[in-house]
>>> print(open('start_28.cif').read())   # mmCIF, C-alpha atoms and all ligand atoms
data_run
loop_
_atom_site.label_atom_id
_atom_site.label_comp_id
_atom_site.auth_asym_id
_atom_site.auth_seq_id
_atom_site.Cartn_x
_atom_site.Cartn_y
_atom_site.Cartn_z
CA MET A 1 4.87 2.18 20.38
CA GLY A 2 3.50 2.89 16.91
CA MET A 3 2.14 6.29 15.97
CA PRO A 4 -1.39 6.96 17.19
CA ILE A 5 -3.92 7.15 14.36
CA SER A 6 -5.60 10.53 13.96
CA LYS A 7 -6.43 10.81 10.26
CA ALA A 8 -9.37 9.46 8.30
CA VAL A 9 -9.58 9.48 4.52
CA ILE A 10 -13.02 9.37 2.89
CA PRO A 11 -13.09 8.80 -0.88
CA ALA A 12 -16.11 10.68 -2.26
CA ALA A 13 -15.32 11.36 -5.91
CA GLY A 14 -17.66 8.77 -7.47
CA LEU A 15 -20.27 10.02 -9.94
CA GLY A 16 -23.22 8.21 -8.34
CA THR A 17 -24.56 6.98 -11.68
CA ARG A 18 -26.74 4.37 -9.96
CA PHE A 19 -28.84 7.18 -8.48
CA LEU A 20 -29.38 9.31 -11.58
CA PRO A 21 -31.23 11.60 -12.05
CA ALA A 22 -31.05 12.43 -8.28
CA THR A 23 -27.26 12.78 -8.57
CA LYS A 24 -27.22 14.88 -11.74
CA ALA A 25 -26.46 18.07 -9.80
CA MET A 26 -25.96 16.70 -6.27
CA PRO A 27 -23.26 14.38 -4.86
CA LYS A 28 -24.58 10.92 -3.98
CA GLU A 29 -22.96 11.32 -0.55
CA MET A 30 -25.55 14.05 0.19
CA LEU A 31 -28.54 11.72 -0.27
CA PRO A 32 -30.35 11.80 3.08
CA VAL A 33 -30.63 8.76 5.32
CA VAL A 34 -33.69 9.95 7.28
CA ASP A 35 -32.62 13.54 8.07
CA LYS A 36 -28.82 13.50 7.72
CA PRO A 37 -26.79 13.14 4.53
CA ALA A 38 -25.12 9.72 4.25
CA ILE A 39 -21.65 11.28 4.44
CA GLN A 40 -22.30 12.76 7.89
CA TYR A 41 -22.77 9.30 9.42
CA VAL A 42 -19.35 8.34 8.07
CA VAL A 43 -17.61 11.46 9.43
CA GLU A 44 -19.34 10.90 12.80
CA GLU A 45 -18.07 7.32 12.85
CA ALA A 46 -14.48 8.51 12.26
CA VAL A 47 -14.77 11.13 15.01
CA ASN A 48 -16.31 8.64 17.45
CA ALA A 49 -13.24 6.44 16.91
CA GLY A 50 -10.99 9.40 17.82
CA LEU A 51 -10.10 10.45 14.27
CA HIS A 52 -10.66 14.22 14.20
CA ASP A 53 -8.66 14.95 11.05
CA VAL A 54 -10.75 14.04 8.02
CA LEU A 55 -9.58 14.27 4.42
CA MET A 56 -12.25 13.91 1.75
CA ILE A 57 -11.25 12.96 -1.77
CA THR A 58 -13.73 14.82 -3.95
CA GLY A 59 -14.18 15.89 -7.55
CA ARG A 60 -16.23 18.16 -9.77
CA ASN A 61 -19.85 18.74 -8.61
CA LYS A 62 -18.94 17.93 -5.00
CA ASN A 63 -19.10 21.46 -3.55
CA ALA A 64 -22.18 20.57 -1.49
CA LEU A 65 -19.96 18.28 0.62
CA GLU A 66 -17.70 21.16 1.63
CA ASN A 67 -20.70 23.41 2.24
CA HIS A 68 -22.32 20.84 4.50
CA PHE A 69 -19.36 20.81 6.90
CA ASP A 70 -18.85 24.61 6.66
CA ARG A 71 -20.77 27.29 8.55
CA ALA A 72 -24.19 28.32 7.26
CA THR A 73 -24.33 31.82 8.73
CA GLU A 74 -27.68 32.87 7.22
CA ILE A 75 -29.46 29.78 8.54
CA GLU A 76 -27.70 30.15 11.90
CA ALA A 77 -28.86 33.79 12.20
CA GLN A 78 -32.42 32.88 11.29
CA LEU A 79 -32.63 29.99 13.76
CA GLU A 80 -31.12 32.18 16.46
CA LYS A 81 -33.72 34.87 15.80
CA LYS A 82 -36.49 32.29 16.05
CA GLY A 83 -34.98 30.78 19.20
CA ASP A 84 -34.88 27.31 17.55
CA LYS A 85 -32.02 26.00 19.68
CA ARG A 86 -32.42 22.35 18.67
CA ARG A 87 -32.01 22.95 14.94
CA LEU A 88 -29.26 25.50 15.56
CA GLN A 89 -27.34 22.88 17.52
CA GLU A 90 -27.87 20.36 14.75
CA ILE A 91 -26.42 22.54 12.01
CA LEU A 92 -23.51 23.63 14.23
CA HIS A 93 -22.82 19.96 14.99
CA SER A 94 -21.81 19.17 11.40
CA THR A 95 -19.75 22.39 11.23
CA ASN A 96 -17.78 21.58 14.36
CA LEU A 97 -17.58 17.83 13.92
CA ALA A 98 -14.03 17.42 12.58
CA ASN A 99 -11.08 19.23 11.03
CA MET A 100 -12.12 18.83 7.42
CA HIS A 101 -9.71 18.84 4.49
CA TYR A 102 -10.39 18.29 0.81
CA VAL A 103 -8.40 17.20 -2.19
CA ARG A 104 -9.71 16.44 -5.66
CA GLN A 105 -9.07 13.13 -7.31
CA LEU A 106 -8.75 14.71 -10.81
CA ASP A 107 -8.92 11.52 -12.90
CA PRO A 108 -11.43 8.84 -11.80
CA ARG A 109 -8.98 5.93 -11.88
CA GLY A 110 -10.37 3.81 -9.05
CA LEU A 111 -10.34 3.49 -5.26
CA GLY A 112 -6.58 2.78 -5.11
CA HIS A 113 -5.92 5.96 -7.07
CA ALA A 114 -8.26 7.96 -4.79
CA VAL A 115 -6.41 6.72 -1.68
CA LEU A 116 -3.07 7.60 -3.31
CA ARG A 117 -4.29 11.21 -3.54
CA SER A 118 -4.19 11.34 0.29
CA GLN A 119 -0.45 10.67 0.47
CA MET A 120 0.66 14.32 0.88
CA HIS A 121 -1.83 14.88 3.69
CA VAL A 122 -1.27 11.58 5.49
CA GLY A 123 2.54 11.46 5.29
CA GLN A 124 4.27 8.66 7.17
CA GLU A 125 1.47 7.83 9.60
CA PRO A 126 -0.98 4.95 9.72
CA PHE A 127 -4.47 6.16 8.75
CA ALA A 128 -8.04 4.97 8.30
CA VAL A 129 -10.08 4.82 5.08
CA LEU A 130 -13.89 4.87 5.30
CA LEU A 131 -16.09 4.27 2.26
CA GLY A 132 -19.36 6.17 2.19
CA ASP A 133 -21.55 3.38 0.80
CA ASP A 134 -21.22 1.35 4.00
CA LEU A 135 -22.84 2.73 7.15
CA ILE A 136 -21.96 1.06 10.44
CA ASP A 137 -24.53 1.31 13.22
CA PRO A 138 -23.05 3.61 15.91
CA ARG A 139 -24.23 1.14 18.58
CA ASP A 140 -21.77 -1.48 17.23
CA VAL A 141 -18.01 -1.17 17.53
CA LEU A 142 -15.82 -1.65 14.46
CA LEU A 143 -13.28 1.08 13.76
CA GLU A 144 -12.09 1.24 17.39
CA ARG A 145 -11.51 -2.52 17.33
CA MET A 146 -9.61 -2.25 14.02
CA ILE A 147 -7.37 0.46 15.49
CA GLU A 148 -6.72 -1.78 18.51
CA VAL A 149 -5.73 -4.69 16.23
CA HIS A 150 -3.49 -2.32 14.23
CA ASP A 151 -1.77 -1.15 17.41
CA GLN A 152 -1.21 -4.73 18.61
CA ASN A 153 0.26 -5.96 15.32
CA PHE A 154 1.71 -2.83 13.61
CA ALA A 155 -0.10 -4.04 10.52
CA SER A 156 -2.83 -2.94 8.13
CA VAL A 157 -6.35 -4.07 9.09
CA VAL A 158 -9.50 -4.41 6.98
CA ALA A 159 -13.10 -4.98 8.07
CA LEU A 160 -14.63 -8.26 6.90
CA MET A 161 -18.17 -9.53 6.90
CA GLU A 162 -19.58 -12.87 5.79
CA VAL A 163 -21.71 -12.56 2.62
CA GLU A 164 -23.81 -14.99 0.59
CA PRO A 165 -21.85 -16.83 -2.15
CA ASN A 166 -23.86 -15.01 -4.86
CA GLN A 167 -22.61 -11.66 -3.48
CA THR A 168 -18.85 -12.23 -3.77
CA HIS A 169 -18.67 -10.50 -7.18
CA LEU A 170 -19.53 -7.21 -5.43
CA TYR A 171 -16.63 -7.17 -2.95
CA GLY A 172 -12.96 -7.74 -2.27
CA ILE A 173 -12.79 -11.32 -0.90
CA ALA A 174 -10.15 -12.58 1.56
CA THR A 175 -8.19 -15.80 2.08
CA VAL A 176 -7.65 -16.06 5.84
CA GLU A 177 -6.00 -17.93 8.68
CA ALA A 178 -7.34 -17.97 12.26
CA THR A 179 -5.56 -16.10 15.07
CA ASP A 180 -5.92 -16.41 18.85
CA ALA A 181 -8.62 -13.72 18.88
CA PRO A 182 -11.99 -15.08 17.67
CA ASP A 183 -12.90 -11.90 15.75
CA VAL A 184 -9.47 -11.45 14.13
CA VAL A 185 -7.98 -13.30 11.14
CA ARG A 186 -4.70 -13.01 9.33
CA ILE A 187 -5.21 -12.35 5.64
CA THR A 188 -2.96 -14.20 3.20
CA GLY A 189 -4.61 -13.06 -0.02
CA LEU A 190 -7.28 -10.73 -1.39
CA VAL A 191 -9.06 -10.74 -4.72
CA GLU A 192 -11.33 -8.00 -6.08
CA LYS A 193 -14.87 -8.99 -7.07
CA PRO A 194 -14.38 -12.70 -7.92
CA ASP A 195 -17.05 -14.91 -9.51
CA PRO A 196 -18.65 -17.15 -6.88
CA LYS A 197 -16.81 -20.15 -8.37
CA ASP A 198 -13.41 -18.45 -7.88
CA ALA A 199 -14.10 -16.84 -4.49
CA PRO A 200 -11.56 -18.06 -1.89
CA SER A 201 -14.07 -17.53 0.97
CA ARG A 202 -17.27 -15.72 1.85
CA LEU A 203 -15.42 -13.06 3.83
CA ALA A 204 -15.95 -9.74 2.07
CA VAL A 205 -14.12 -6.49 2.68
CA ILE A 206 -16.63 -3.92 3.89
CA GLY A 207 -15.52 -0.34 3.42
CA ARG A 208 -13.30 0.20 6.48
CA TYR A 209 -9.51 0.03 6.40
CA VAL A 210 -6.68 0.95 8.78
CA LEU A 211 -3.58 1.23 6.62
CA GLN A 212 0.13 1.42 7.14
CA PRO A 213 1.71 4.27 5.11
CA ASP A 214 3.69 1.54 3.29
CA ILE A 215 0.56 1.14 1.15
CA PHE A 216 1.46 4.30 -0.83
CA PRO A 217 4.52 3.04 -2.78
CA ILE A 218 2.62 -0.19 -3.44
CA LEU A 219 -0.37 1.75 -4.80
CA GLU A 220 1.99 3.76 -7.00
CA ALA A 221 3.22 0.51 -8.56
CA THR A 222 -0.24 -1.11 -8.83
CA GLU A 223 -1.45 -1.63 -12.39
CA PRO A 224 -5.16 -1.23 -13.25
CA GLY A 225 -7.09 -4.36 -12.29
CA SER A 226 -10.80 -5.25 -12.06
CA GLY A 227 -12.89 -2.81 -14.14
CA GLY A 228 -9.69 -1.24 -15.53
CA GLU A 229 -9.25 0.66 -12.24
CA ILE A 230 -6.39 0.88 -9.74
CA GLN A 231 -7.72 -1.30 -6.94
CA LEU A 232 -6.92 -0.84 -3.24
CA THR A 233 -7.64 -4.58 -2.92
CA ASP A 234 -4.76 -5.41 -5.29
CA ALA A 235 -2.31 -3.27 -3.29
CA LEU A 236 -3.50 -4.90 -0.06
CA ASN A 237 -3.07 -8.31 -1.68
CA SER A 238 0.63 -7.45 -2.25
CA LEU A 239 0.96 -6.45 1.42
CA ALA A 240 -0.88 -9.58 2.58
CA SER A 241 1.01 -12.08 0.45
CA SER A 242 4.46 -10.55 1.10
CA GLY A 243 3.89 -9.84 4.80
CA VAL A 244 5.61 -6.45 4.29
CA ALA A 245 4.87 -3.82 6.98
CA GLY A 246 3.21 -6.41 9.24
CA GLY A 247 0.98 -7.85 6.49
CA VAL A 248 -2.79 -7.52 6.70
CA TYR A 249 -5.28 -8.57 9.40
CA GLY A 250 -9.05 -8.72 9.21
CA VAL A 251 -11.60 -7.88 11.91
CA VAL A 252 -14.72 -9.96 11.29
CA PHE A 253 -17.70 -7.71 11.94
CA THR A 254 -21.01 -9.23 13.02
CA GLY A 255 -22.82 -6.01 13.88
CA ARG A 256 -25.31 -3.90 11.96
CA ARG A 257 -24.15 -2.57 8.60
CA TYR A 258 -26.34 -0.64 6.20
CA ASP A 259 -25.47 -0.51 2.53
CA THR A 260 -26.43 2.65 0.63
CA GLY A 261 -24.68 1.61 -2.58
CA ASP A 262 -27.69 1.09 -4.82
CA ARG A 263 -31.34 2.06 -4.83
CA LEU A 264 -32.78 -1.02 -3.15
CA ASP A 265 -30.05 -1.16 -0.47
CA TYR A 266 -30.48 2.57 0.10
CA LEU A 267 -34.21 2.13 0.72
CA LYS A 268 -33.48 -0.71 3.15
CA ALA A 269 -30.88 1.43 4.94
CA ILE A 270 -33.36 4.26 5.45
CA VAL A 271 -36.00 1.88 6.82
CA GLN A 272 -33.49 0.22 9.18
CA VAL A 273 -32.10 3.52 10.48
CA ALA A 274 -35.56 5.09 10.88
CA ALA A 275 -36.86 2.00 12.71
CA SER A 276 -33.99 2.18 15.21
CA ARG A 277 -34.48 5.87 16.06
CA ASP A 278 -36.04 6.77 19.41
CA ASP A 279 -37.89 9.77 17.98
CA LEU A 280 -39.33 8.16 14.82
CA GLY A 281 -38.94 4.39 15.32
CA PRO A 282 -42.08 3.44 17.32
CA ASP A 283 -44.52 5.36 15.06
CA PHE A 284 -42.70 4.34 11.89
CA VAL A 285 -42.57 0.62 12.75
CA ALA A 286 -46.26 0.60 13.73
CA TRP A 287 -47.14 2.21 10.37
CA LEU A 288 -44.79 -0.13 8.49
CA LYS A 289 -46.52 -3.20 9.93
CA THR A 290 -49.95 -2.06 8.75
CA PHE A 291 -48.53 -0.98 5.43
CA THR A 292 -46.73 -4.28 4.70
CA SER A 293 -49.81 -6.32 5.59
CA SER A 294 -51.88 -4.24 3.15
CA VAL A 295 -49.64 -4.55 0.05
C1 LIG B 301 -15.09 -1.21 -3.00
C2 LIG B 301 -13.84 -2.09 -2.94
C3 LIG B 301 -14.22 -3.52 -2.57
C4 LIG B 301 -14.99 -3.52 -1.25
C5 LIG B 301 -16.22 -2.60 -1.36
C6 LIG B 301 -16.92 -2.46 0.00
O1 LIG B 301 -15.88 -1.61 -4.11
O2 LIG B 301 -13.17 -2.05 -4.19
O3 LIG B 301 -13.06 -4.31 -2.43
O4 LIG B 301 -15.38 -4.84 -0.92
O5 LIG B 301 -15.84 -1.29 -1.79
O6 LIG B 301 -18.11 -1.73 -0.09
P1 LIG B 301 -17.10 -0.70 -4.67
O7 LIG B 301 -18.29 -1.03 -3.83
O8 LIG B 301 -16.68 0.73 -4.55
O9 LIG B 301 -17.26 -1.13 -6.10
#
>>> encode(input="start_28.cif", output="structure tokens", more="lines below")
Ligand code: G1P
Amino acid sequence: MGMPISKAVIPAAGLGTRFLPATKAMPKEMLPVVDKPAIQYVVEEAVNAGLHDVLMITGRNKNALENHFDRATEIEAQLEKKGDKRRLQEILHSTNLANMHYVRQLDPRGLGHAVLRSQMHVGQEPFAVLLGDDLIDPRDVLLERMIEVHDQNFASVVALMEVEPNQTHLYGIATVEATDAPDVVRITGLVEKPDPKDAPSRLAVIGRYVLQPDIFPILEATEPGSGGEIQLTDALNSLASSGVAGGVYGVVFTGRRYDTGDRLDYLKAIVQVAASRDDLGPDFVAWLKTFTSSV
């Protein structure tokens, strides 16, 4: 039996330059997707997969993230006085969601460097990494399946999704071999953000990882790569090509994923999430239909 996974690491130190000026004084992770900040969806996803210990890798100007998962006693008192139980429950929900921990990245040296900052907290256990720009629809199962595949193989697991050839330069792209399970592949190589002409496949890493702790010494030895940053993809490529610590598997996800990484994708994510909500969806979709036929 391997160790059960209980810890999730969420890198959230990025400056959010694509959303300036909105992110001048506010972390991009706090941008709302309908009525919840994007980061809350990610923490909820970790908790729903049984990961109650969440470490966020933050930086300067990220205090709002800690405040969001802390108590808000003045608002609580006011809602209590008004008898607004629904809103009270909602703000207590984010307070009680998970055991939150924070560490600062210090130097912005890339995703691999951010993950390395979790080493002290994670120790010698397998752990999950969730990137905030990718939202996975809670009705579709991904992280639970990745944990299952980790437990069966004692190996690191990444989430993959098929993308258009002209999108490969935005992602880590995998070279894969089939396994007996139709949704699982064995990864033999990974390359960060290749040109379409160099991409080994159309299978892109979407921001979910279940990692063996063996990734830490590899990250320590990883030189800056694409964009001059220490890339998690490069460290995973070493694991995949050497087969060390079980190698790397991929779970091919075919469910609903919403990208909040840039302005257009963020707008699409809000529309998709709002349209799927029971409380807002029917009215919103009806309005959207009239609106789109009038523009
Ligand atoms: C990061 C990773 C990349 C991955 C992507 C998923 O890139 O480096 O391998 O495919 O997340 O969203 P970023 O989008 O932070 O540039």
>>> closest_residue(input="start_28.cif", among="A:Arg109, A:Lys268, A:Arg145, A:Arg60", to="ligand LIG 301 (chain B)", atoms="only C-alpha atoms and all ligand atoms")
A:Arg109
>>> residues_near_ligand(input="start_28.cif", ligand="ligand LIG 301 (chain B)", cutoff="9 Å", atoms="only C-alpha atoms and all ligand atoms", output="VMD selection string")
chain A and resid 14 110 to 112 131 to 134 160 168 170 to 173 190 to 193 204 to 208 226 231 to 234 259 261
>>> residues_around(input="start_28.cif", residues="segment 242-257 of chain A", least_positions_apart="3", cutoff="8 Å", atoms="all atoms listed in the file", output="NGL selection string")
:A and (134-137 or 140-142 or 145-146 or 149 or 153-162 or 183-188 or 212 or 214 or 236 or 238-239)
>>> residues_around(input="start_28.cif", residues="segment 88-104 of chain A", least_positions_apart="3", cutoff="6 Å", atoms="all atoms listed in the file", output="NGL selection string")
:A and (52-59 or 69-71 or 79 or 85)
>>> closest_residue(input="start_28.cif", among="A:Met26, A:Val33, A:Ile5, A:Ala128", to="Asp265 of chain A", atoms="all atoms listed in the file")
A:Val33
>>> closest_residue(input="start_28.cif", among="A:Ala114, A:Leu280, A:Val271, A:Ala174", to="Asn237 of chain A", atoms="all atoms listed in the file")
A:Ala174
>>> atom_distance(input="start_28.cif", atom1="atom CA of Leu51 of chain A", atom2="atom CA of Asp262 of chain A")
27.6 Å
>>> closest_residue(input="start_28.cif", among="A:Pro217, A:Pro138, A:Gly227, A:Pro182", to="Val47 of chain A", atoms="only C-alpha atoms")
A:Pro138
>>> atom_distance(input="start_28.cif", atom1="atom CA of Pro4 of chain A", atom2="atom CA of Ala49 of chain A")
11.9 Å
>>> atom_distance(input="start_28.cif", atom1="atom CA of Ile230 of chain A", atom2="atom CA of Met3 of chain A")
27.6 Å
>>> closest_residue(input="start_28.cif", among="A:Ala46, A:Ala25, A:Ala240, A:Ala235", to="Gly189 of chain A", atoms="all atoms listed in the file")
A:Ala240
>>> closest_residue(input="start_28.cif", among="A:Val129, A:Tyr209, A:Pro11, A:Asp279", to="His150 of chain A", atoms="all atoms listed in the file")
A:Tyr209
>>> residues_around(input="start_28.cif", residues="Val285 of chain A", least_positions_apart="6", cutoff="10 Å", atoms="only C-alpha atoms", output="PyMOL selection string")
chain A and resi 271-272+274-276+291
>>> write_last_selection(input="start_28.cif", atoms="C-alpha atoms", output="JSON list (two decimals), in the coordinates of the input")
[["chain", "number", "residue", "atom", "x", "y", "z"],
["A", 271, "VAL", "CA", -36.00, 1.88, 6.82],
["A", 272, "GLN", "CA", -33.49, 0.22, 9.18],
["A", 274, "ALA", "CA", -35.56, 5.09, 10.88],
["A", 275, "ALA", "CA", -36.86, 2.00, 12.71],
["A", 276, "SER", "CA", -33.99, 2.18, 15.21],
["A", 291, "PHE", "CA", -48.53, -0.98, 5.43]]
>>> build_atoms(input="start_28.cif", residues="segment 202-233 of chain A", atoms="N, CA and C atoms", output="compact mmCIF listing (two decimals), keeping the file's coordinate frame")
# COMPACT_ATOMS: atom_id res chain seq x y z
N ARG A 202 -16.09 -16.60 1.88
CA ARG A 202 -17.27 -15.72 1.85
C ARG A 202 -17.02 -14.47 2.67
N LEU A 203 -15.74 -14.24 3.02
CA LEU A 203 -15.42 -13.06 3.83
C LEU A 203 -15.13 -11.87 2.93
N ALA A 204 -16.05 -10.91 2.95
CA ALA A 204 -15.95 -9.74 2.07
C ALA A 204 -15.41 -8.54 2.82
N VAL A 205 -14.62 -7.75 2.10
CA VAL A 205 -14.12 -6.49 2.68
C VAL A 205 -15.28 -5.49 2.67
N ILE A 206 -15.66 -5.02 3.87
CA ILE A 206 -16.63 -3.92 3.89
C ILE A 206 -15.81 -2.64 4.04
N GLY A 207 -16.35 -1.52 3.66
CA GLY A 207 -15.52 -0.34 3.42
C GLY A 207 -14.85 0.34 4.60
N ARG A 208 -14.10 -0.40 5.41
CA ARG A 208 -13.30 0.20 6.48
C ARG A 208 -11.91 -0.39 6.46
N TYR A 209 -10.89 0.47 6.48
CA TYR A 209 -9.51 0.03 6.40
C TYR A 209 -8.68 0.85 7.39
N VAL A 210 -7.71 0.21 8.04
CA VAL A 210 -6.68 0.95 8.78
C VAL A 210 -5.38 0.57 8.09
N LEU A 211 -4.70 1.55 7.52
CA LEU A 211 -3.58 1.23 6.62
C LEU A 211 -2.25 1.76 7.12
N GLN A 212 -1.23 0.96 6.92
CA GLN A 212 0.13 1.42 7.14
C GLN A 212 0.50 2.34 5.97
N PRO A 213 1.34 3.37 6.22
CA PRO A 213 1.71 4.27 5.11
C PRO A 213 2.48 3.54 4.01
N ASP A 214 2.98 2.34 4.31
CA ASP A 214 3.69 1.54 3.29
C ASP A 214 2.79 1.21 2.11
N ILE A 215 1.48 1.43 2.26
CA ILE A 215 0.56 1.14 1.15
C ILE A 215 0.82 2.10 -0.03
N PHE A 216 1.34 3.31 0.25
CA PHE A 216 1.46 4.30 -0.83
C PHE A 216 2.39 3.87 -1.97
N PRO A 217 3.67 3.47 -1.65
CA PRO A 217 4.52 3.04 -2.78
C PRO A 217 3.95 1.83 -3.51
N ILE A 218 3.22 0.98 -2.78
CA ILE A 218 2.62 -0.19 -3.44
C ILE A 218 1.51 0.26 -4.39
N LEU A 219 0.69 1.22 -3.92
CA LEU A 219 -0.37 1.75 -4.80
C LEU A 219 0.22 2.40 -6.05
N GLU A 220 1.36 3.10 -5.85
CA GLU A 220 1.99 3.76 -7.00
C GLU A 220 2.37 2.75 -8.07
N ALA A 221 2.74 1.54 -7.61
CA ALA A 221 3.22 0.51 -8.56
C ALA A 221 2.09 -0.42 -9.01
N THR A 222 0.86 -0.20 -8.50
CA THR A 222 -0.24 -1.11 -8.83
C THR A 222 -0.84 -0.79 -10.20
N GLU A 223 -0.89 -1.79 -11.04
CA GLU A 223 -1.45 -1.63 -12.39
C GLU A 223 -2.99 -1.68 -12.30
N PRO A 224 -3.70 -1.10 -13.25
CA PRO A 224 -5.16 -1.23 -13.25
C PRO A 224 -5.58 -2.69 -13.21
N GLY A 225 -6.61 -2.98 -12.43
CA GLY A 225 -7.09 -4.36 -12.29
C GLY A 225 -8.55 -4.46 -12.68
N SER A 226 -9.36 -5.06 -11.79
CA SER A 226 -10.80 -5.25 -12.06
C SER A 226 -11.44 -3.93 -12.52
N GLY A 227 -12.21 -3.99 -13.60
CA GLY A 227 -12.89 -2.81 -14.14
C GLY A 227 -11.94 -1.79 -14.74
N GLY A 228 -10.67 -2.17 -14.96
CA GLY A 228 -9.69 -1.24 -15.53
C GLY A 228 -9.27 -0.16 -14.55
N GLU A 229 -9.56 -0.36 -13.24
CA GLU A 229 -9.25 0.66 -12.24
C GLU A 229 -8.11 0.22 -11.31
N ILE A 230 -7.44 1.20 -10.72
CA ILE A 230 -6.39 0.88 -9.74
C ILE A 230 -7.09 0.51 -8.44
N GLN A 231 -6.95 -0.75 -8.05
CA GLN A 231 -7.72 -1.30 -6.94
C GLN A 231 -6.92 -1.30 -5.64
N LEU A 232 -7.53 -0.77 -4.58
CA LEU A 232 -6.92 -0.84 -3.24
C LEU A 232 -6.74 -2.31 -2.85
N THR A 233 -7.71 -3.15 -3.24
CA THR A 233 -7.64 -4.58 -2.92
C THR A 233 -6.37 -5.21 -3.47
